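Okay, data.csv is below, CSV, C-alpha atoms (C1' of nucleotides):
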chain,number,residue,atom,x,y,z
A,70,MET,CA,-88.3,72.1,-10.5
A,71,GLU,CA,-90.9,69.5,-11.1
A,72,ASN,CA,-88.5,66.7,-10.4
A,73,GLU,CA,-87.2,67.6,-7.0
A,74,ALA,CA,-90.7,67.6,-5.5
A,75,SER,CA,-91.4,64.1,-6.8
A,76,TYR,CA,-88.6,62.7,-4.7
A,77,LYS,CA,-90.2,64.1,-1.7
A,78,ASN,CA,-93.6,62.7,-2.4
A,79,ARG,CA,-92.8,59.4,-4.0
A,80,LYS,CA,-94.0,56.6,-1.6
A,81,VAL,CA,-91.1,54.2,-1.6
A,82,ILE,CA,-90.0,53.8,2.0
A,83,SER,CA,-91.1,50.7,4.0
A,84,ILE,CA,-92.2,50.9,7.6
A,85,GLY,CA,-89.1,49.6,9.2
A,86,THR,CA,-87.0,52.3,7.6
A,87,VAL,CA,-89.5,54.9,8.6
A,88,SER,CA,-89.2,53.7,12.1
A,89,GLU,CA,-85.5,54.1,12.0
A,90,LEU,CA,-85.8,57.6,10.5
A,91,THR,CA,-88.4,58.9,12.9
A,92,GLY,CA,-87.6,57.0,16.1
A,93,LEU,CA,-91.2,55.9,16.3
A,94,THR,CA,-92.2,52.2,16.7
A,95,GLU,CA,-94.0,50.5,13.9
A,96,ARG,CA,-97.0,50.2,16.2
A,97,GLN,CA,-97.1,54.0,16.6
A,98,ILE,CA,-96.8,54.6,12.9
A,99,ARG,CA,-99.6,52.2,12.1
A,100,TYR,CA,-101.8,53.8,14.8
A,101,TYR,CA,-101.3,57.3,13.4
A,102,GLU,CA,-102.5,56.0,10.1
A,103,GLU,CA,-105.6,54.6,11.8
A,104,ARG,CA,-106.2,58.0,13.2
A,105,LYS,CA,-105.8,59.5,9.6
A,106,LEU,CA,-102.7,61.5,10.4
A,107,ILE,CA,-100.8,59.9,7.5
A,108,SER,CA,-101.8,58.0,4.4
A,109,PRO,CA,-99.1,55.6,3.1
A,110,GLU,CA,-99.7,53.7,-0.1
A,111,ARG,CA,-99.6,49.9,-0.4
A,112,SER,CA,-97.2,47.9,-2.5
A,113,ASP,CA,-98.5,45.0,-4.6
A,114,ARG,CA,-98.6,42.6,-1.6
A,115,GLY,CA,-99.9,45.1,0.8
A,116,ASN,CA,-96.8,46.5,2.4
A,117,ARG,CA,-97.0,50.2,3.5
A,118,LYS,CA,-94.9,52.6,1.6
A,119,TYR,CA,-94.1,56.1,2.8
A,120,SER,CA,-92.6,59.3,1.3
A,121,PHE,CA,-90.1,61.7,2.7
A,122,MET,CA,-93.0,64.0,3.3
A,123,ASP,CA,-94.7,61.4,5.4
A,124,VAL,CA,-91.4,61.0,7.4
A,125,GLU,CA,-91.3,64.7,8.1
A,126,ARG,CA,-94.9,64.8,9.1
A,127,LEU,CA,-94.3,61.9,11.4
A,128,ILE,CA,-91.5,63.8,13.1
A,129,GLU,CA,-93.8,66.7,13.6
A,130,ILE,CA,-96.4,64.4,15.0
A,131,ALA,CA,-93.8,62.9,17.4
A,132,ASN,CA,-92.9,66.4,18.6
A,133,LYS,CA,-96.6,67.3,19.2
A,134,ARG,CA,-97.2,64.0,21.0
A,135,GLU,CA,-94.2,64.7,23.3
A,136,GLU,CA,-95.9,67.9,24.2
A,137,GLY,CA,-99.0,65.9,25.1
A,138,VAL,CA,-101.1,66.9,22.2
A,139,ARG,CA,-103.8,64.3,21.4
A,140,THR,CA,-103.9,62.7,17.9
A,141,ASP,CA,-107.3,64.3,17.2
A,142,GLU,CA,-105.9,67.7,18.0
A,143,ILE,CA,-103.0,67.1,15.7
A,144,LEU,CA,-105.4,66.0,13.0
A,145,GLN,CA,-107.2,69.4,13.3
A,146,GLU,CA,-103.9,71.3,13.0
A,147,LEU,CA,-102.9,69.3,10.0
A,148,LYS,CA,-106.3,70.1,8.4
A,149,LYS,CA,-105.9,73.8,9.0
A,150,LYS,CA,-102.4,73.7,7.5
A,151,LYS,CA,-103.7,71.9,4.5
A,152,LYS,CA,-106.5,74.4,4.0
A,153,LYS,CA,-104.0,77.2,3.9
A,154,GLU,CA,-101.9,75.4,1.4
A,155,ASP,CA,-104.9,74.7,-0.8
A,156,THR,CA,-105.8,78.4,-0.7
A,157,ALA,CA,-102.3,79.3,-1.7
A,158,THR,CA,-102.4,76.8,-4.5
A,159,ARG,CA,-105.8,78.2,-5.7
A,160,ASN,CA,-104.5,81.7,-5.7
A,161,LYS,CA,-101.5,80.7,-7.7
A,162,MET,CA,-103.8,79.1,-10.3
A,163,ILE,CA,-105.9,82.2,-10.5
A,164,GLN,CA,-102.8,84.3,-10.9
A,165,GLY,CA,-101.7,81.9,-13.6
A,166,GLN,CA,-105.0,82.4,-15.5
A,167,LEU,CA,-104.7,86.2,-15.2
A,168,ASN,CA,-101.2,86.0,-16.6
A,169,ALA,CA,-102.5,83.8,-19.4
A,170,ARG,CA,-105.2,86.4,-20.2
A,171,PHE,CA,-102.7,89.2,-20.1
A,172,ASN,CA,-100.3,87.4,-22.4
A,173,GLN,CA,-103.2,86.6,-24.8
A,174,SER,CA,-104.3,90.2,-25.1
A,175,ASN,CA,-100.6,91.0,-25.9
A,176,ARG,CA,-100.3,88.2,-28.3
A,177,TYR,CA,-99.5,90.4,-31.2
A,178,PRO,CA,-97.4,93.2,-29.7
A,179,LYS,CA,-96.7,96.2,-31.9
A,180,LYS,CA,-93.0,95.6,-31.3
B,230,MET,CA,-81.4,74.1,-1.6
B,231,GLU,CA,-79.5,71.8,0.7
B,232,ASN,CA,-82.6,69.8,1.6
B,233,GLU,CA,-83.9,68.8,-1.8
B,234,ALA,CA,-80.7,67.1,-2.7
B,235,SER,CA,-80.7,65.1,0.4
B,236,TYR,CA,-84.0,63.4,-0.6
B,237,LYS,CA,-82.3,62.3,-3.8
B,238,ASN,CA,-79.3,60.8,-2.1
B,239,ARG,CA,-80.8,59.4,1.0
B,240,LYS,CA,-80.5,55.5,0.9
B,241,VAL,CA,-83.9,54.4,2.0
B,242,ILE,CA,-85.4,52.2,-0.7
B,243,SER,CA,-85.3,48.4,-0.5
B,244,ILE,CA,-84.4,46.2,-3.3
B,245,GLY,CA,-88.0,45.0,-4.0
B,246,THR,CA,-89.1,48.6,-4.6
B,247,VAL,CA,-86.1,49.4,-6.7
B,248,SER,CA,-87.0,46.4,-8.8
B,249,GLU,CA,-90.5,47.7,-9.4
B,250,LEU,CA,-89.2,51.2,-10.1
B,251,THR,CA,-86.6,50.1,-12.6
B,252,GLY,CA,-88.1,47.0,-14.1
B,253,LEU,CA,-84.9,45.1,-13.3
B,254,THR,CA,-84.8,41.8,-11.4
B,255,GLU,CA,-83.3,41.7,-8.0
B,256,ARG,CA,-80.7,39.4,-9.5
B,257,GLN,CA,-79.7,42.0,-12.0
B,258,ILE,CA,-79.5,44.8,-9.4
B,259,ARG,CA,-77.3,42.7,-7.1
B,260,TYR,CA,-75.1,41.8,-10.0
B,261,TYR,CA,-74.6,45.4,-11.0
B,262,GLU,CA,-73.5,46.0,-7.4
B,263,GLU,CA,-71.0,43.2,-7.7
B,264,ARG,CA,-69.6,44.9,-10.8
B,265,LYS,CA,-69.3,48.2,-8.9
B,266,LEU,CA,-71.9,50.0,-10.9
B,267,ILE,CA,-73.9,51.0,-7.8
B,268,SER,CA,-73.2,51.1,-4.1
B,269,PRO,CA,-76.2,50.7,-1.8
B,270,GLU,CA,-75.9,51.0,1.9
B,271,ARG,CA,-76.9,48.3,4.3
B,272,SER,CA,-79.5,48.6,7.1
B,273,ASP,CA,-78.8,47.2,10.5
B,274,ARG,CA,-79.6,43.7,9.5
B,275,GLY,CA,-77.8,43.8,6.2
B,276,ASN,CA,-80.7,44.7,3.8
B,277,ARG,CA,-79.6,46.8,0.8
B,278,LYS,CA,-80.9,50.4,0.8
B,279,TYR,CA,-80.9,52.5,-2.4
B,280,SER,CA,-81.4,56.2,-3.1
B,281,PHE,CA,-83.4,57.9,-5.9
B,282,MET,CA,-80.0,58.6,-7.5
B,283,ASP,CA,-79.3,54.9,-7.5
B,284,VAL,CA,-82.7,54.2,-9.1
B,285,GLU,CA,-81.9,56.7,-11.9
B,286,ARG,CA,-78.5,55.3,-12.4
B,287,LEU,CA,-80.0,51.8,-12.7
B,288,ILE,CA,-82.4,53.0,-15.3
B,289,GLU,CA,-79.4,54.4,-17.3
B,290,ILE,CA,-77.6,51.1,-16.9
B,291,ALA,CA,-80.7,49.2,-18.1
B,292,ASN,CA,-80.8,51.4,-21.2
B,293,LYS,CA,-77.1,50.8,-21.9
B,294,ARG,CA,-77.5,47.1,-21.4
B,295,GLU,CA,-80.3,47.0,-23.9
B,296,GLU,CA,-77.9,48.5,-26.4
B,297,GLY,CA,-75.6,45.7,-25.6
B,298,VAL,CA,-73.1,47.7,-23.7
B,299,ARG,CA,-71.1,45.5,-21.3
B,300,THR,CA,-71.0,46.3,-17.6
B,301,ASP,CA,-67.3,47.0,-17.6
B,302,GLU,CA,-67.8,49.6,-20.4
B,303,ILE,CA,-70.7,51.1,-18.4
B,304,LEU,CA,-68.4,51.3,-15.4
B,305,GLN,CA,-65.8,53.3,-17.5
B,306,GLU,CA,-68.5,55.7,-18.7
B,307,LEU,CA,-69.7,56.3,-15.2
B,308,LYS,CA,-66.1,57.0,-14.0
B,309,LYS,CA,-65.7,59.6,-16.7
B,310,LYS,CA,-68.9,61.3,-15.7
B,311,LYS,CA,-67.8,61.3,-12.1
B,312,LYS,CA,-64.5,62.8,-13.0
B,313,LYS,CA,-66.2,65.7,-14.8
B,314,GLU,CA,-68.4,66.3,-11.8
B,315,ASP,CA,-65.5,66.2,-9.4
B,316,THR,CA,-63.7,68.8,-11.5
B,317,ALA,CA,-66.8,71.0,-11.6
B,318,THR,CA,-67.1,70.7,-7.8
B,319,ARG,CA,-63.4,71.5,-7.3
B,320,ASN,CA,-63.7,74.6,-9.5
B,321,LYS,CA,-66.7,75.7,-7.5
B,322,MET,CA,-64.7,75.4,-4.3
B,323,ILE,CA,-61.8,77.3,-5.7
B,324,GLN,CA,-64.2,80.0,-6.8
B,325,GLY,CA,-65.7,80.0,-3.3
B,326,GLN,CA,-62.3,80.6,-1.8
B,327,LEU,CA,-61.6,83.4,-4.2
B,328,ASN,CA,-64.8,85.0,-3.2
B,329,ALA,CA,-64.0,84.6,0.5
B,330,ARG,CA,-60.6,86.3,-0.1
B,331,PHE,CA,-62.3,89.1,-1.9
B,332,ASN,CA,-64.9,89.6,0.8
B,333,GLN,CA,-62.1,89.6,3.4
B,334,SER,CA,-60.1,92.3,1.7
B,335,ASN,CA,-63.4,94.3,1.6
B,336,ARG,CA,-64.3,93.6,5.2
B,337,TYR,CA,-64.2,97.2,6.2
B,338,PRO,CA,-65.5,99.0,3.2
B,339,LYS,CA,-65.2,102.8,3.3
B,340,LYS,CA,-69.0,103.0,2.8
C,128,DC,C1',-106.4,57.2,24.3
C,129,DG,C1',-102.0,55.6,23.0
C,130,DT,C1',-98.9,52.0,23.0
C,131,DG,C1',-96.9,47.3,24.2
C,132,DT,C1',-96.8,42.6,23.2
C,133,DA,C1',-97.4,37.6,21.8
C,134,DA,C1',-99.3,34.9,17.7
C,135,DG,C1',-99.3,32.9,13.2
C,136,DG,C1',-98.8,33.4,8.6
C,137,DA,C1',-97.2,35.3,4.3
C,138,DA,C1',-93.8,37.9,1.8
C,139,DT,C1',-88.9,39.8,1.6
C,140,DT,C1',-84.1,39.6,1.5
C,141,DC,C1',-79.7,37.3,1.9
C,142,DT,C1',-75.9,34.3,0.4
C,143,DG,C1',-73.5,30.7,-2.2
C,144,DA,C1',-74.0,27.7,-6.0
C,145,DC,C1',-75.2,25.3,-10.3
C,146,DA,C1',-76.6,26.2,-15.1
C,147,DC,C1',-76.2,28.0,-19.8
C,148,DG,C1',-73.3,29.9,-23.1
D,90,DC,C1',-70.5,37.6,-19.2
D,91,DG,C1',-75.0,38.3,-17.6
D,92,DT,C1',-78.9,36.3,-15.8
D,93,DG,C1',-82.2,32.5,-14.1
D,94,DT,C1',-83.3,29.4,-10.5
D,95,DA,C1',-83.9,26.3,-6.4
D,96,DA,C1',-82.3,26.2,-1.4
D,97,DG,C1',-82.5,27.3,3.4
D,98,DG,C1',-82.5,30.6,6.7
D,99,DA,C1',-83.2,34.9,9.0
D,100,DA,C1',-85.6,39.2,9.2
D,101,DT,C1',-89.9,42.0,7.7
D,102,DT,C1',-94.5,43.1,7.6
D,103,DC,C1',-99.4,42.2,8.3
D,104,DT,C1',-103.8,41.7,11.0
D,105,DG,C1',-106.7,41.1,15.0
D,106,DA,C1',-106.6,40.9,19.8
D,107,DC,C1',-105.7,41.3,24.7
D,108,DA,C1',-103.6,44.5,28.2
D,109,DC,C1',-103.2,48.7,30.9
D,110,DG,C1',-105.3,52.8,32.2
Any chance you could give the structure as structure tokens?
Amino acid sequence: MENEASYKNRKVISIGTVSELTGLTERQIRYYEERKLISPERSDRGNRKYSFMDVERLIEIANKREEGVRTDEILQELKKKKKKEDTATRNKMIQGQLNARFNQSNRYPKK
Amino acid sequence: MENEASYKNRKVISIGTVSELTGLTERQIRYYEERKLISPERSDRGNRKYSFMDVERLIEIANKREEGVRTDEILQELKKKKKKEDTATRNKMIQGQLNARFNQSNRYPKK
DNA sequence: CGTGTAAGGAATTCTGACACG
DNA sequence: CGTGTAAGGAATTCTGACACG
């Protein structure tokens, strides 16, 4: 359960492959980075490395662009989505703490 | 359930990155291919592309090699493992067919 | 604003081969 | 057998810039 996600987020794909996967030109991919829509990592010598997540996000971006949505609008949408996810994550953590507390108070059950 | 596995098996990582990920030299990685221990795909211009699966297999191979296991022995072990997996897959498919038959004979339940 | 392109350089990858053992 | 290395070439990636609109 921890491992599958790491495949998705590991930044290991170079820009040429991302271009093939998304149908976007390298120019476009670099431009979307400039506009903060994606954040690849860099290899030792400075080559961009992308994750499968990035690839999926780029496909979403490509769809929006085809609909004529501007990059700054797409950025806002992505931020909103991220906010929701963060909230969901926070709620899960709080729930986790509650569960921990509950388990603690039941640490020595009467059986 | 179908999607997570595809990340693991998608051949998208170039040899330089695989080298970083596994600690093996490119020479070693190419040699193991020559010995049929791995089967990368090729991009349009002939560059090798590996999956996360390949990376994990290479790490296994590296461990075996450190123990002094020869590549042909490693190949045999990998074949055995594959045979087991194939058997498991076949059994699952048979089970699937049985279930299908069962559902068919119950297609019009009396309710 | 979003994308194309030519420019020059540096790093990547490929193959076949010789080397050692 | 398994791995290193030098060799030469072709493809990749990078950045900064000019172009169009």
Pick out the chain B residues within 10 Å of chain C. Count all atoms listed in the file. Give them as a ChimeraX atom specification. /B:243-245,255,274-277
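Across the model, the gap from CA of Leu266 (chain B) to CA of Asp283 (chain B) is 9.5 Å.
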From the options A:Thr156, A:Phe121, A:Pro109, A:Tyr100, which residue's atoms come nearest to chain B, counting only C-alpha atoms?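 Result for the nearest residue to chain B: A:Phe121.
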Taking a cut-off of 9 Å and counting only C-alpha atoms, can you build a table that, for each residue of chain A near chain B, reports the nearest atom pair and how far apart they are in Å (one decimal), sorted by chain then residue number, as JSON lines?
{"residue": "A:Glu73", "atom": "CA", "partner": "B:Glu233", "partner_atom": "CA", "distance": 6.3}
{"residue": "A:Ala74", "atom": "CA", "partner": "B:Glu233", "partner_atom": "CA", "distance": 7.8}
{"residue": "A:Tyr76", "atom": "CA", "partner": "B:Tyr236", "partner_atom": "CA", "distance": 6.2}
{"residue": "A:Lys77", "atom": "CA", "partner": "B:Tyr236", "partner_atom": "CA", "distance": 6.3}
{"residue": "A:Val81", "atom": "CA", "partner": "B:Ile242", "partner_atom": "CA", "distance": 6.1}
{"residue": "A:Ile82", "atom": "CA", "partner": "B:Ile242", "partner_atom": "CA", "distance": 5.6}
{"residue": "A:Ser83", "atom": "CA", "partner": "B:Ile242", "partner_atom": "CA", "distance": 7.5}
{"residue": "A:Thr86", "atom": "CA", "partner": "B:Val241", "partner_atom": "CA", "distance": 6.7}
{"residue": "A:Val87", "atom": "CA", "partner": "B:Val241", "partner_atom": "CA", "distance": 8.7}
{"residue": "A:Ser112", "atom": "CA", "partner": "B:Thr246", "partner_atom": "CA", "distance": 8.4}
{"residue": "A:Phe121", "atom": "CA", "partner": "B:Tyr236", "partner_atom": "CA", "distance": 7.1}
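The two atoms in question, CA of Leu287 (chain B) and CA of Leu253 (chain B), are spaced 8.3 Å apart.
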Rounded to one decimal, what separation in Å do you get between CA of Arg286 (chain B) and CA of Arg126 (chain A)?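 A separation of 28.7 Å between them.
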Between A:Met162, A:Lys148, A:Gln97, A:Thr91, single out the one closest to Glu129 (chain A), counting all atoms listed in the file. A:Thr91
Contact residues around region 137-144 of chain A with all atoms listed in the file at 8 Å, ignoring same-chain residues under 3 positions, as an mmCIF file with C-alpha atoms, keeping the file's coordinate frame:
data_model
loop_
_atom_site.group_PDB
_atom_site.id
_atom_site.type_symbol
_atom_site.label_atom_id
_atom_site.label_comp_id
_atom_site.auth_asym_id
_atom_site.auth_seq_id
_atom_site.Cartn_x
_atom_site.Cartn_y
_atom_site.Cartn_z
ATOM 1 C CA TYR A 101 -101.300 57.300 13.400
ATOM 2 C CA ARG A 104 -106.200 58.000 13.200
ATOM 3 C CA LYS A 105 -105.800 59.500 9.600
ATOM 4 C CA LEU A 106 -102.700 61.500 10.400
ATOM 5 C CA ILE A 130 -96.400 64.400 15.000
ATOM 6 C CA LYS A 133 -96.600 67.300 19.200
ATOM 7 C CA ARG A 134 -97.200 64.000 21.000
ATOM 8 C CA LEU A 147 -102.900 69.300 10.000
ATOM 9 C CA LYS A 148 -106.300 70.100 8.400
#
